[in-house]
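Please read the structure below before turning to the comments.
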Amino acid sequence: MAISTRLLKEFYSHKKMDPLFIIEKFYTPGTKSYQILVEHSQIVTEKSLEIAKTLTHLTPDFNFIKKAAMLHDIGIYLTRADSIGCNGEVPYICHGYLGRMLLDEQGLPPEYGLVCERHTGAGITKENIISNGLPLPQRDMVPISLEEKIVCVADKYHSKNQKNADKKITTIQIIKELERINKDHAKRFSVWAQEFKL
Ligand SMILES: [Fe+2]
């Protein structure tokens, strides 16, 4: 029986928003990068939802968080990070804004790409990018929406590095690590961790 064009369109628009369907356009199941990306993204999604459940008074968008958290690191394969199976050309720090470009090109609503772009560090300010000569477009990349903040924060509690993947990371450890990189990162994260009672 012929499938109607309408049904095909509906099926495709549903698939278009399925995180694994999107991930598998860029990653091959069974490879190291796929396995690390999907496992990490699932853990970050769970943590994001756990945080969101404590913030129902702020009406977080659970459905959006589920998908955006799964996609937040989609840009990693374009970077040079051998230990996680990524053999791209550019520094790892670029994976956020490159992930945004990928999702925008896939035709996803812009909010998804913004979660990618704004999750690295505790967000990165334009001033930080300029003063440290970071290889990033010169614009503010700091989480603004509640959902962006939640995914950014949740991401810090799990490491993709296989040596540390099973270790429980505490809020204090994250703040200390961020302080080492940049004091403003640590300050921003601390404020959100307090707001989210972490
Ligand atoms: Fe991540």
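Residue numbers start at 1 in each chain; chains themselves are named A, B, ... in the order of the structure tokens; ligands are numbered from 1 in the order shown.
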Legend entry - Ile169 of chain A environment, 8 Å, only C-alpha atoms, sequence neighbours closer than 4 positions dropped, as a list of chain:residue names: A:Tyr157, A:His158, A:Gln173, A:Ile174
What would the file look like if the residues just selected were written as a short mmCIF file (atom, residue, chain, number, x, y, z; two decimals), in the first residue's frame with C-alpha atoms?
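Dumped everything to result19.cif:
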data_model
loop_
_atom_site.label_atom_id
_atom_site.label_comp_id
_atom_site.auth_asym_id
_atom_site.auth_seq_id
_atom_site.Cartn_x
_atom_site.Cartn_y
_atom_site.Cartn_z
CA TYR A 157 29.05 16.68 36.68
CA HIS A 158 30.26 14.10 34.16
CA GLN A 173 35.45 20.08 42.66
CA ILE A 174 33.76 21.75 39.69
#
With the cut-off set at 12 Å and counting only C-alpha atoms, tabulate each residue of segment 39-158 of chain A with an atom at most that distance from an atom of segment 7-15 of chain A, showing the nearest atom pair and its distance in Å to one decimal, ordered by chain and increasing number, as a tab-separated table.
residue	atom	partner	partner_atom	distance
A:Gln106	CA	A:Ser13	CA	11.4
A:Gly107	CA	A:Ser13	CA	10.4
A:Leu108	CA	A:Ser13	CA	10.3
Next, write the just-selected residues to a file, as a PDB file, in the first residue's frame, keeping N, CA and C atoms as the atom set.
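Listed below is the output, again.pdb:
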ATOM      1  N   GLN A 106      20.716  21.621  10.217  1.00  0.00           N
ATOM      2  CA  GLN A 106      19.714  20.545  10.177  1.00  0.00           C
ATOM      3  C   GLN A 106      18.290  21.098  10.228  1.00  0.00           C
ATOM      4  N   GLY A 107      18.202  22.414  10.403  1.00  0.00           N
ATOM      5  CA  GLY A 107      16.889  23.051  10.415  1.00  0.00           C
ATOM      6  C   GLY A 107      16.185  22.980  11.764  1.00  0.00           C
ATOM      7  N   LEU A 108      16.927  22.681  12.829  1.00  0.00           N
ATOM      8  CA  LEU A 108      16.301  22.674  14.161  1.00  0.00           C
ATOM      9  C   LEU A 108      16.028  24.110  14.604  1.00  0.00           C
TER      10      LEU A 108
END
Legend entry - DSSP helix (DSSP H, G or I) residues within chain A, as a PyMOL selection string: chain A and resi 5-16+19-26+32-53+56-58+62-71+74-78+82-84+92-105+110-117+126-131+146-155+171-181+183-195
Give me the segment 44-89 of chain A side of the contact with segment 115-136 of chain A, cut-off 8 Å, one line per residue showing its nearest atom pair and distance in Å at one decimal, counting only C-alpha atoms, sorted by chain and residue number, as a tab-separated table.
residue	atom	partner	partner_atom	distance
A:Ala68	CA	A:Val115	CA	6.7
A:Ala69	CA	A:Val115	CA	7.9
A:Leu71	CA	A:Cys116	CA	7.3
A:His72	CA	A:Cys116	CA	4.4
A:Asp73	CA	A:Cys116	CA	6.4
A:Ile74	CA	A:Cys116	CA	7.8
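Minimum atom-to-atom distance to Lys176 of chain A, evaluated using only C-alpha atoms, belongs to A:Lys156 out of A:Lys156, A:Lys163, A:Lys16, A:Arg6.
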Inset, instruction - Write out as a ChimeraX atom specification all residues of segment 16-194 of chain A that DSSP puts in strand (DSSP E or B) for this structure's backbone. - result: /A:79-81,86-87,90,121,123-124,141
Selection above as a file: N, CA and C atoms, as a PDB file, in the first residue's frame:
ATOM      1  N   THR A  79      36.509  18.270  16.292  1.00  0.00           N
ATOM      2  CA  THR A  79      37.667  18.785  17.036  1.00  0.00           C
ATOM      3  C   THR A  79      38.749  17.709  17.188  1.00  0.00           C
ATOM      4  N   ARG A  80      39.917  18.199  17.626  1.00  0.00           N
ATOM      5  CA  ARG A  80      41.056  17.305  17.843  1.00  0.00           C
ATOM      6  C   ARG A  80      41.017  16.845  19.290  1.00  0.00           C
ATOM      7  N   ALA A  81      40.546  15.629  19.520  1.00  0.00           N
ATOM      8  CA  ALA A  81      40.490  15.097  20.884  1.00  0.00           C
ATOM      9  C   ALA A  81      40.638  13.579  20.777  1.00  0.00           C
ATOM     10  N   CYS A  86      37.957  11.605  18.641  1.00  0.00           N
ATOM     11  CA  CYS A  86      37.621  12.686  17.712  1.00  0.00           C
ATOM     12  C   CYS A  86      38.876  13.150  16.975  1.00  0.00           C
ATOM     13  N   ASN A  87      38.820  13.124  15.662  1.00  0.00           N
ATOM     14  CA  ASN A  87      40.026  13.394  14.869  1.00  0.00           C
ATOM     15  C   ASN A  87      39.859  14.601  13.957  1.00  0.00           C
ATOM     16  N   VAL A  90      40.103  21.219  14.548  1.00  0.00           N
ATOM     17  CA  VAL A  90      40.111  22.446  15.359  1.00  0.00           C
ATOM     18  C   VAL A  90      40.201  22.124  16.858  1.00  0.00           C
ATOM     19  N   GLY A 121      32.610  25.635  29.262  1.00  0.00           N
ATOM     20  CA  GLY A 121      33.000  26.383  30.464  1.00  0.00           C
ATOM     21  C   GLY A 121      31.756  26.558  31.318  1.00  0.00           C
ATOM     22  N   GLY A 123      29.733  28.925  30.267  1.00  0.00           N
ATOM     23  CA  GLY A 123      29.530  29.953  29.272  1.00  0.00           C
ATOM     24  C   GLY A 123      30.859  30.680  29.118  1.00  0.00           C
ATOM     25  N   ILE A 124      31.039  31.364  28.001  1.00  0.00           N
ATOM     26  CA  ILE A 124      32.272  32.135  27.779  1.00  0.00           C
ATOM     27  C   ILE A 124      31.852  33.520  27.308  1.00  0.00           C
ATOM     28  N   MET A 141      28.875  33.958  24.728  1.00  0.00           N
ATOM     29  CA  MET A 141      28.384  32.575  24.637  1.00  0.00           C
ATOM     30  C   MET A 141      28.014  32.092  26.034  1.00  0.00           C
TER      31      MET A 141
END
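Ranking A:Lys25, A:His185, A:Lys47, A:Lys167 by their shortest atom-to-atom distance to ligand 1, with only C-alpha atoms and all ligand atoms included, puts A:Lys47 first.
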Inset, instruction - Can you pull out every residue within 9 Å of Glu46 of chain A, counting only C-alpha atoms, but drop anything in the same chain fewer than 5 positions away, and send it as a PyMOL selection string? - result: chain A and resi 41+51+66+69+154
Save the residues we just selected, N, CA and C atoms, as a short mmCIF file (atom, residue, chain, number, x, y, z; two decimals), in the first residue's frame?
data_model
loop_
_atom_site.label_atom_id
_atom_site.label_comp_id
_atom_site.auth_asym_id
_atom_site.auth_seq_id
_atom_site.Cartn_x
_atom_site.Cartn_y
_atom_site.Cartn_z
N SER A 41 26.02 12.02 26.84
CA SER A 41 24.82 12.84 26.61
C SER A 41 23.63 12.29 27.40
N ILE A 51 17.75 18.12 37.77
CA ILE A 51 17.79 19.52 38.22
C ILE A 51 16.45 20.19 37.91
N LYS A 66 15.20 17.40 27.30
CA LYS A 66 15.51 16.01 26.93
C LYS A 66 16.27 15.95 25.61
N ALA A 69 19.76 18.41 25.65
CA ALA A 69 20.88 17.84 26.43
C ALA A 69 21.52 16.68 25.66
N ALA A 154 24.60 20.83 34.35
CA ALA A 154 24.56 19.36 34.42
C ALA A 154 25.79 18.74 33.76
#
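Ranking A:Ile84, A:Met70, A:Ile65, A:Val44 by their shortest atom-to-atom distance to Thr31 of chain A, with only C-alpha atoms included, puts A:Ile84 first.
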Inset, instruction - Using only C-alpha atoms and all ligand atoms, pick whichever of A:Lys32, A:Lys160, A:Lys53, A:Arg180 has the shortest atom-to-atom distance to ligand 1. - result: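 Closest candidate: A:Lys160.
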